[in-house]
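Novice: For reference, this is final.cif, and it has mmCIF, C-alpha atoms.
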data_start
#
loop_
_atom_site.label_atom_id
_atom_site.label_comp_id
_atom_site.auth_asym_id
_atom_site.auth_seq_id
_atom_site.Cartn_x
_atom_site.Cartn_y
_atom_site.Cartn_z
CA MET A 1082 -54.09 49.56 22.61
CA ASP A 1083 -51.32 47.07 23.32
CA ASN A 1084 -53.55 44.19 22.13
CA LEU A 1085 -54.29 46.05 18.90
CA THR A 1086 -50.63 46.74 18.34
CA GLN A 1087 -49.77 43.10 18.99
CA TRP A 1088 -52.53 41.95 16.65
CA LEU A 1089 -51.33 44.28 13.90
CA THR A 1090 -47.78 43.09 14.38
CA THR A 1091 -48.85 39.44 14.18
CA ALA A 1092 -50.99 40.11 11.13
CA GLN A 1093 -48.11 41.93 9.48
CA GLU A 1094 -45.79 39.00 10.15
CA ILE A 1095 -48.35 36.52 8.78
CA ILE A 1096 -48.94 38.61 5.68
CA THR A 1097 -45.22 39.10 5.16
CA THR A 1098 -44.50 35.40 5.60
CA PHE A 1099 -47.38 34.34 3.36
CA GLY A 1100 -46.46 36.97 0.80
CA LEU A 1101 -42.89 35.76 0.67
CA ASN A 1102 -44.04 32.14 0.42
CA ALA A 1103 -46.55 33.07 -2.28
CA LEU A 1104 -43.85 34.95 -4.17
CA ALA A 1105 -41.50 31.99 -3.84
CA ALA A 1106 -44.25 29.61 -5.00
CA LEU A 1107 -44.89 31.87 -8.00
CA VAL A 1108 -41.18 31.91 -8.86
CA ILE A 1109 -41.03 28.12 -8.49
CA SER A 1110 -44.06 27.78 -10.77
CA ILE A 1111 -42.67 30.08 -13.47
CA ILE A 1112 -39.15 28.66 -13.45
CA GLY A 1113 -40.41 25.10 -13.01
CA GLN A 1114 -42.77 25.40 -15.96
CA TRP A 1115 -39.93 26.72 -18.10
CA VAL A 1116 -37.67 23.84 -17.00
CA ALA A 1117 -40.45 21.31 -17.72
CA LYS A 1118 -40.83 22.70 -21.24
CA VAL A 1119 -37.06 22.52 -21.79
CA ILE A 1120 -37.00 18.91 -20.60
CA GLY A 1121 -39.93 18.05 -22.89
CA ARG A 1122 -38.32 19.70 -25.91
CA THR A 1123 -34.97 18.05 -25.18
CA THR A 1124 -36.62 14.65 -24.94
CA LYS A 1125 -38.34 15.25 -28.28
CA LYS A 1126 -35.09 16.31 -29.98
CA VAL A 1127 -33.13 13.32 -28.66
CA MET A 1128 -35.81 10.82 -29.76
CA THR A 1129 -36.09 12.51 -33.17
CA ARG A 1130 -32.32 12.21 -33.74
CA ARG A 1131 -32.52 8.51 -32.92
CA GLY A 1132 -35.26 7.94 -35.49
CA VAL A 1133 -38.04 7.03 -33.06
CA ASP A 1134 -41.58 6.94 -34.48
CA PRO A 1135 -43.27 10.40 -34.37
CA THR A 1136 -46.32 9.01 -32.52
CA LEU A 1137 -44.12 7.73 -29.69
CA ILE A 1138 -42.03 10.92 -29.71
CA ASN A 1139 -45.02 13.20 -29.13
CA PHE A 1140 -46.51 10.95 -26.48
CA THR A 1141 -43.24 10.53 -24.54
CA ALA A 1142 -42.40 14.24 -24.73
CA SER A 1143 -45.86 15.13 -23.39
CA LEU A 1144 -45.57 12.51 -20.64
CA VAL A 1145 -42.17 13.84 -19.54
CA TYR A 1146 -43.44 17.43 -19.60
CA TYR A 1147 -46.51 16.74 -17.47
CA ALA A 1148 -44.53 14.58 -15.04
CA ALA A 1149 -42.04 17.42 -14.52
CA LEU A 1150 -44.91 19.87 -14.21
CA ALA A 1151 -46.49 17.71 -11.50
CA PHE A 1152 -43.30 17.96 -9.42
CA VAL A 1153 -43.35 21.74 -9.89
CA VAL A 1154 -46.94 21.99 -8.66
CA ILE A 1155 -46.16 19.85 -5.61
CA ALA A 1156 -43.09 21.97 -4.81
CA ALA A 1157 -45.11 25.19 -5.12
CA LEU A 1158 -47.91 23.89 -2.88
CA ASN A 1159 -45.36 22.70 -0.35
CA ARG A 1160 -43.80 26.18 -0.33
CA LEU A 1161 -47.22 27.64 0.52
CA GLY A 1162 -47.35 25.40 3.56
CA ILE A 1163 -49.87 22.94 2.15
CA GLN A 1164 -49.20 19.37 3.22
CA THR A 1165 -48.71 17.43 -0.01
CA ALA A 1166 -48.09 13.98 1.47
CA SER A 1167 -51.80 13.21 1.75
CA LEU A 1168 -52.39 14.69 -1.71
CA ILE A 1169 -49.71 12.43 -3.20
CA ALA A 1170 -51.25 9.42 -1.45
CA VAL A 1171 -54.69 10.27 -2.83
CA LEU A 1172 -53.31 10.75 -6.32
CA GLY A 1173 -51.42 7.45 -6.06
CA ALA A 1174 -54.54 5.57 -4.98
CA ALA A 1175 -56.53 7.21 -7.76
CA GLY A 1176 -53.84 6.28 -10.26
CA LEU A 1177 -53.89 2.66 -9.10
CA ALA A 1178 -57.67 2.49 -9.40
CA ILE A 1179 -57.58 4.03 -12.86
CA GLY A 1180 -54.81 1.62 -13.89
CA LEU A 1181 -56.86 -1.40 -12.79
CA ALA A 1182 -59.95 -0.07 -14.57
CA LEU A 1183 -57.98 0.55 -17.76
CA GLN A 1184 -55.94 -2.65 -17.66
CA GLY A 1185 -56.96 -3.69 -21.17
CA SER A 1186 -56.23 -0.25 -22.59
CA LEU A 1187 -52.84 -0.15 -20.86
CA SER A 1188 -52.02 -3.55 -22.36
CA ASN A 1189 -52.88 -2.18 -25.80
CA PHE A 1190 -50.73 0.86 -25.07
CA ALA A 1191 -47.74 -1.29 -24.07
CA ALA A 1192 -48.20 -3.42 -27.18
CA GLY A 1193 -48.42 -0.28 -29.32
CA VAL A 1194 -45.16 1.03 -27.87
CA LEU A 1195 -43.45 -2.30 -28.65
CA ILE A 1196 -44.80 -2.26 -32.22
CA ILE A 1197 -43.56 1.30 -32.74
CA ILE A 1198 -40.12 0.54 -31.26
CA PHE A 1199 -39.40 -2.83 -32.92
CA ARG A 1200 -41.33 -2.08 -36.13
CA PRO A 1201 -42.44 -5.53 -37.33
CA PHE A 1202 -44.41 -3.55 -39.91
CA LYS A 1203 -44.89 0.07 -40.94
CA VAL A 1204 -47.59 2.15 -42.57
CA GLY A 1205 -48.18 0.94 -46.14
CA ASP A 1206 -47.07 -2.66 -45.55
CA MET A 1207 -49.27 -5.59 -46.52
CA VAL A 1208 -49.61 -7.76 -43.42
CA GLU A 1209 -51.60 -10.64 -42.03
CA GLY A 1210 -52.18 -10.88 -38.31
CA ALA A 1211 -54.96 -11.41 -35.75
CA GLY A 1212 -57.03 -12.99 -38.54
CA VAL A 1213 -56.88 -9.84 -40.72
CA PHE A 1214 -55.13 -9.37 -44.08
CA GLY A 1215 -54.61 -5.96 -45.65
CA ARG A 1216 -52.56 -2.77 -45.91
CA VAL A 1217 -51.52 -0.94 -42.73
CA GLU A 1218 -53.18 2.46 -42.81
CA GLU A 1219 -52.26 3.85 -39.38
CA ILE A 1220 -50.37 2.73 -36.27
CA GLN A 1221 -51.59 4.30 -33.05
CA LEU A 1222 -50.63 3.66 -29.44
CA PHE A 1223 -53.75 1.60 -28.72
CA THR A 1224 -54.92 0.29 -32.11
CA THR A 1225 -53.71 -0.37 -35.66
CA THR A 1226 -55.91 0.41 -38.66
CA ILE A 1227 -55.78 -2.05 -41.58
CA ILE A 1228 -57.48 -1.65 -44.96
CA THR A 1229 -58.51 -5.02 -46.43
CA PRO A 1230 -58.33 -5.78 -50.18
CA ASP A 1231 -62.11 -5.21 -50.46
CA ASN A 1232 -61.58 -1.70 -48.97
CA ALA A 1233 -62.99 -2.42 -45.53
CA THR A 1234 -61.44 -0.65 -42.53
CA VAL A 1235 -60.49 -2.95 -39.65
CA ILE A 1236 -59.32 -1.47 -36.35
CA VAL A 1237 -57.26 -4.10 -34.51
CA PRO A 1238 -56.24 -3.78 -30.82
CA ASN A 1239 -52.47 -3.82 -30.58
CA THR A 1240 -52.45 -6.65 -28.04
CA LYS A 1241 -53.95 -8.99 -30.65
CA LEU A 1242 -51.28 -8.09 -33.19
CA SER A 1243 -48.37 -8.31 -30.76
CA GLY A 1244 -49.63 -11.60 -29.35
CA ASP A 1245 -50.12 -13.29 -32.72
CA ASN A 1246 -47.92 -14.29 -35.64
CA ILE A 1247 -47.47 -11.36 -38.01
CA ILE A 1248 -46.82 -12.11 -41.68
CA ASN A 1249 -45.35 -9.10 -43.48
CA PHE A 1250 -45.63 -9.47 -47.25
CA THR A 1251 -43.82 -6.21 -48.05
CA THR A 1252 -40.38 -6.49 -46.47
CA GLN A 1253 -38.88 -8.60 -49.29
CA PRO A 1254 -38.51 -7.09 -52.78
CA THR A 1255 -39.72 -10.24 -54.60
CA ARG A 1256 -42.33 -12.90 -53.97
CA ARG A 1257 -43.10 -16.31 -55.43
CA VAL A 1258 -46.37 -16.95 -57.23
CA GLU A 1259 -47.44 -20.56 -57.45
CA THR A 1260 -50.30 -22.57 -58.83
CA ILE A 1261 -51.23 -26.17 -59.55
CA VAL A 1262 -52.30 -27.31 -63.02
CA GLY A 1263 -53.33 -30.82 -63.99
CA ILE A 1264 -52.65 -32.48 -67.33
CA SER A 1265 -53.88 -35.75 -68.75
CA TYR A 1266 -51.95 -38.97 -68.21
CA ASN A 1267 -51.85 -39.27 -72.00
CA ASP A 1268 -49.96 -35.98 -72.43
CA SER A 1269 -46.21 -35.52 -72.18
CA ILE A 1270 -44.95 -33.95 -68.96
CA ALA A 1271 -41.85 -32.64 -70.76
CA ASN A 1272 -43.92 -30.92 -73.48
CA ALA A 1273 -46.22 -29.36 -70.90
CA ARG A 1274 -43.23 -28.13 -68.90
CA LEU A 1275 -41.58 -26.57 -71.96
CA ALA A 1276 -44.81 -24.88 -73.05
CA ILE A 1277 -45.46 -23.38 -69.60
CA LEU A 1278 -41.88 -22.14 -69.17
CA ASP A 1279 -41.92 -20.61 -72.64
CA GLU A 1280 -45.15 -18.77 -71.87
CA LEU A 1281 -43.79 -17.49 -68.55
CA SER A 1282 -40.63 -16.18 -70.26
CA LYS A 1283 -42.80 -13.89 -72.43
CA ASP A 1284 -44.37 -12.03 -69.49
CA ALA A 1285 -42.27 -9.07 -68.33
CA ARG A 1286 -43.74 -9.26 -64.83
CA ILE A 1287 -42.14 -12.66 -64.25
CA LEU A 1288 -38.50 -12.63 -63.20
CA GLN A 1289 -36.00 -14.97 -64.81
CA ASP A 1290 -33.71 -14.89 -61.78
CA PRO A 1291 -34.74 -16.91 -59.85
CA ALA A 1292 -35.98 -18.83 -62.85
CA PRO A 1293 -39.55 -20.20 -63.02
CA ALA A 1294 -39.94 -23.90 -62.29
CA VAL A 1295 -42.45 -26.59 -63.25
CA ASN A 1296 -42.38 -29.87 -61.30
CA VAL A 1297 -44.67 -32.82 -60.78
CA ALA A 1298 -46.54 -32.26 -57.53
CA GLU A 1299 -48.74 -35.36 -57.48
CA LEU A 1300 -49.99 -38.25 -59.55
CA ALA A 1301 -53.66 -37.64 -58.82
CA ASP A 1302 -56.65 -39.85 -59.62
CA SER A 1303 -57.58 -38.10 -62.86
CA SER A 1304 -54.52 -36.01 -63.72
CA VAL A 1305 -50.81 -35.42 -63.37
CA ASP A 1306 -50.63 -32.30 -61.20
CA LEU A 1307 -47.84 -29.88 -62.08
CA GLN A 1308 -46.71 -27.26 -59.57
CA VAL A 1309 -45.73 -23.99 -61.25
CA TRP A 1310 -43.45 -21.51 -59.44
CA ALA A 1311 -42.70 -18.03 -60.74
CA TRP A 1312 -41.01 -15.07 -59.04
CA THR A 1313 -42.24 -11.51 -59.44
CA GLU A 1314 -41.74 -8.05 -57.97
CA ASN A 1315 -43.69 -7.46 -54.80
CA ALA A 1316 -45.83 -4.79 -56.46
CA ASP A 1317 -46.92 -7.25 -59.21
CA PHE A 1318 -47.68 -10.18 -56.91
CA LEU A 1319 -51.47 -9.88 -56.67
CA THR A 1320 -52.04 -9.21 -60.38
CA MET A 1321 -49.66 -12.03 -61.33
CA ARG A 1322 -51.35 -14.42 -58.93
CA LEU A 1323 -54.64 -13.83 -60.70
CA ALA A 1324 -53.15 -13.85 -64.22
CA LEU A 1325 -50.97 -16.98 -63.92
CA PRO A 1326 -53.72 -19.65 -64.22
CA GLU A 1327 -55.16 -17.96 -67.31
CA LEU A 1328 -51.75 -17.71 -69.00
CA ILE A 1329 -51.09 -21.40 -68.43
CA LYS A 1330 -54.58 -22.51 -69.50
CA THR A 1331 -54.42 -20.49 -72.73
CA ARG A 1332 -51.00 -21.87 -73.68
CA LEU A 1333 -51.87 -25.50 -72.88
CA ASP A 1334 -55.03 -25.21 -75.00
CA ALA A 1335 -52.95 -23.87 -77.89
CA GLU A 1336 -50.54 -26.81 -77.54
CA GLY A 1337 -53.39 -29.31 -77.46
CA ILE A 1338 -52.54 -30.43 -73.95
CA THR A 1339 -55.61 -31.53 -72.03
CA ILE A 1340 -56.51 -30.29 -68.58
CA PRO A 1341 -58.79 -33.14 -67.44
CA PHE A 1342 -61.76 -32.89 -65.12
CA PRO A 1343 -62.37 -35.46 -62.38
CA GLN A 1344 -63.92 -38.61 -63.80
CA GLN A 1345 -64.69 -42.12 -62.71
CA ASP A 1346 -65.07 -45.28 -64.76
CA VAL A 1347 -68.02 -47.49 -63.80
CA HIS A 1348 -67.99 -51.11 -64.97
CA MET A 1349 -71.30 -52.99 -64.99
CA PHE A 1350 -71.52 -56.74 -65.08
CA GLN A 1351 -74.64 -58.66 -66.01
CA ARG A 1352 -75.26 -61.98 -64.33
CA ASN A 1353 -77.00 -64.70 -66.19
#
Write the structure described by the file as structure tokens, please.

Specialist:
Amino acid sequence: MDNLTQWLTTAQEIITTFGLNALAALVISIIGQWVAKVIGRTTKKVMTRRGVDPTLINFTASLVYYAALAFVVIAALNRLGIQTASLIAVLGAAGLAIGLALQGSLSNFAAGVLIIIFRPFKVGDMVEGAGVFGRVEEIQLFTTTIITPDNATVIVPNTKLSGDNIINFTTQPTRRVETIVGISYNDSIANARLAILDELSKDARILQDPAPAVNVAELADSSVDLQVWAWTENADFLTMRLALPELIKTRLDAEGITIPFPQQDVHMFQRN
């Protein structure tokens, strides 16, 4: 009878102790989860006020939330009497192994974070980088999507963009269009210059400040090569780049100025 009483007393103490620990672990879990959510929301609000990119805001807020939640789970397990030191060591080793296996992806992630923070380009910009030219469609943490002028979708790893020269064609409001046109050595350079500048002044897409310019680029074998510079709004650059040679050719034809083709004189001598 005494053994039974002692056993019941011990069992009651164990149940009471475990019940209190379980209740404390439950309270820690509930309060800890609430605190983790508050920390996550606060992080999101602070980053939003500072104008951080939404992609980075959501990722960082989630990372902070789950990191805080991990501490809560460890605290709750520790309250239940479960040794968490070995669990932390196992998780650390697993994290190291995963990090080594995903080294390339983590590099892309780090590059994506840098692109989002420093913003060398944004969605909608025309850029050239990593051997790709086109419009930025989407910036993600691991890759950047670019739409080429022929409407092909190119997904570029962020490490290639961050490790290469990036040419952004959209940041400046104006751009310079240039082309080379050759005229005959028999034609007047001054007349050709006046005709080209007059034609460029008639096109509303071409800015007059800075003014267009026509200069001699080279005295080539078959022609005098004139370099034509004209400034235009960024939105009109591509259309103007395609239209400029035709405008010049049409005006020079109307003025009777020859655009020569490569030619070579061959002299033949007959020996007696």

Novice: Name the residues captured by the PyMOL selection byres ((chain A and resi 1197) around 12) when it is applied to the shown file; answer as a ChimeraX atom specification.

Specialist: /A:1132-1138,1140,1190-1196,1198-1204,1219-1225,1239,1243

Novice: How would the residues just chosen look if you wrote them out with C-alpha atoms as a PDB file, in the frame of the given file?

Specialist:
ATOM      1  CA  GLY A1132     -35.260   7.940 -35.490  1.00  0.00           C
ATOM      2  CA  VAL A1133     -38.040   7.030 -33.060  1.00  0.00           C
ATOM      3  CA  ASP A1134     -41.580   6.940 -34.480  1.00  0.00           C
ATOM      4  CA  PRO A1135     -43.270  10.400 -34.370  1.00  0.00           C
ATOM      5  CA  THR A1136     -46.320   9.010 -32.520  1.00  0.00           C
ATOM      6  CA  LEU A1137     -44.120   7.730 -29.690  1.00  0.00           C
ATOM      7  CA  ILE A1138     -42.030  10.920 -29.710  1.00  0.00           C
ATOM      8  CA  PHE A1140     -46.510  10.950 -26.480  1.00  0.00           C
ATOM      9  CA  PHE A1190     -50.730   0.860 -25.070  1.00  0.00           C
ATOM     10  CA  ALA A1191     -47.740  -1.290 -24.070  1.00  0.00           C
ATOM     11  CA  ALA A1192     -48.200  -3.420 -27.180  1.00  0.00           C
ATOM     12  CA  GLY A1193     -48.420  -0.280 -29.320  1.00  0.00           C
ATOM     13  CA  VAL A1194     -45.160   1.030 -27.870  1.00  0.00           C
ATOM     14  CA  LEU A1195     -43.450  -2.300 -28.650  1.00  0.00           C
ATOM     15  CA  ILE A1196     -44.800  -2.260 -32.220  1.00  0.00           C
ATOM     16  CA  ILE A1198     -40.120   0.540 -31.260  1.00  0.00           C
ATOM     17  CA  PHE A1199     -39.400  -2.830 -32.920  1.00  0.00           C
ATOM     18  CA  ARG A1200     -41.330  -2.080 -36.130  1.00  0.00           C
ATOM     19  CA  PRO A1201     -42.440  -5.530 -37.330  1.00  0.00           C
ATOM     20  CA  PHE A1202     -44.410  -3.550 -39.910  1.00  0.00           C
ATOM     21  CA  LYS A1203     -44.890   0.070 -40.940  1.00  0.00           C
ATOM     22  CA  VAL A1204     -47.590   2.150 -42.570  1.00  0.00           C
ATOM     23  CA  GLU A1219     -52.260   3.850 -39.380  1.00  0.00           C
ATOM     24  CA  ILE A1220     -50.370   2.730 -36.270  1.00  0.00           C
ATOM     25  CA  GLN A1221     -51.590   4.300 -33.050  1.00  0.00           C
ATOM     26  CA  LEU A1222     -50.630   3.660 -29.440  1.00  0.00           C
ATOM     27  CA  PHE A1223     -53.750   1.600 -28.720  1.00  0.00           C
ATOM     28  CA  THR A1224     -54.920   0.290 -32.110  1.00  0.00           C
ATOM     29  CA  THR A1225     -53.710  -0.370 -35.660  1.00  0.00           C
ATOM     30  CA  ASN A1239     -52.470  -3.820 -30.580  1.00  0.00           C
ATOM     31  CA  SER A1243     -48.370  -8.310 -30.760  1.00  0.00           C
TER      32      SER A1243
END

Novice: Restricting the calculation to all atoms listed in the file: of A:Phe1342, A:Leu1150, A:Leu1275, A:Asp1317, which residue gets closest to Gly1113 in chain A?

Specialist: A:Leu1150

Novice: Expanded to explicit residues, what is the PyMOL selection byres ((chain A and resi 1271) around 12) for this file, as a list in words?

Specialist: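 Evaluating the PyMOL selection byres ((chain A and resi 1271) around 12) on these coordinates yields Ile1264, Asp1268, Ser1269, Ile1270, Asn1272, Ala1273, Arg1274, Leu1275, Ala1276, Ile1277, Leu1278, Val1295, Asn1296, Val1297, Val1305, Leu1307 and Ile1338 of chain A.
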
Novice: Given the choices A:Gln1289, A:Thr1141, A:Asn1315, A:Gln1253, which gets closest to Lys1126 in chain A if the distance is worked out from only C-alpha atoms?

Specialist: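 Of all the options, A:Thr1141 lies closest to Lys1126 in chain A.
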
Novice: Counting only C-alpha atoms, which residue out of A:Asn1159, A:Arg1216, A:Pro1238, A:Leu1281 sits closest to Glu1327 in chain A?

Specialist: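 Going through A:Asn1159, A:Arg1216, A:Pro1238, A:Leu1281 one by one, the smallest distance to Glu1327 in chain A is for A:Leu1281.
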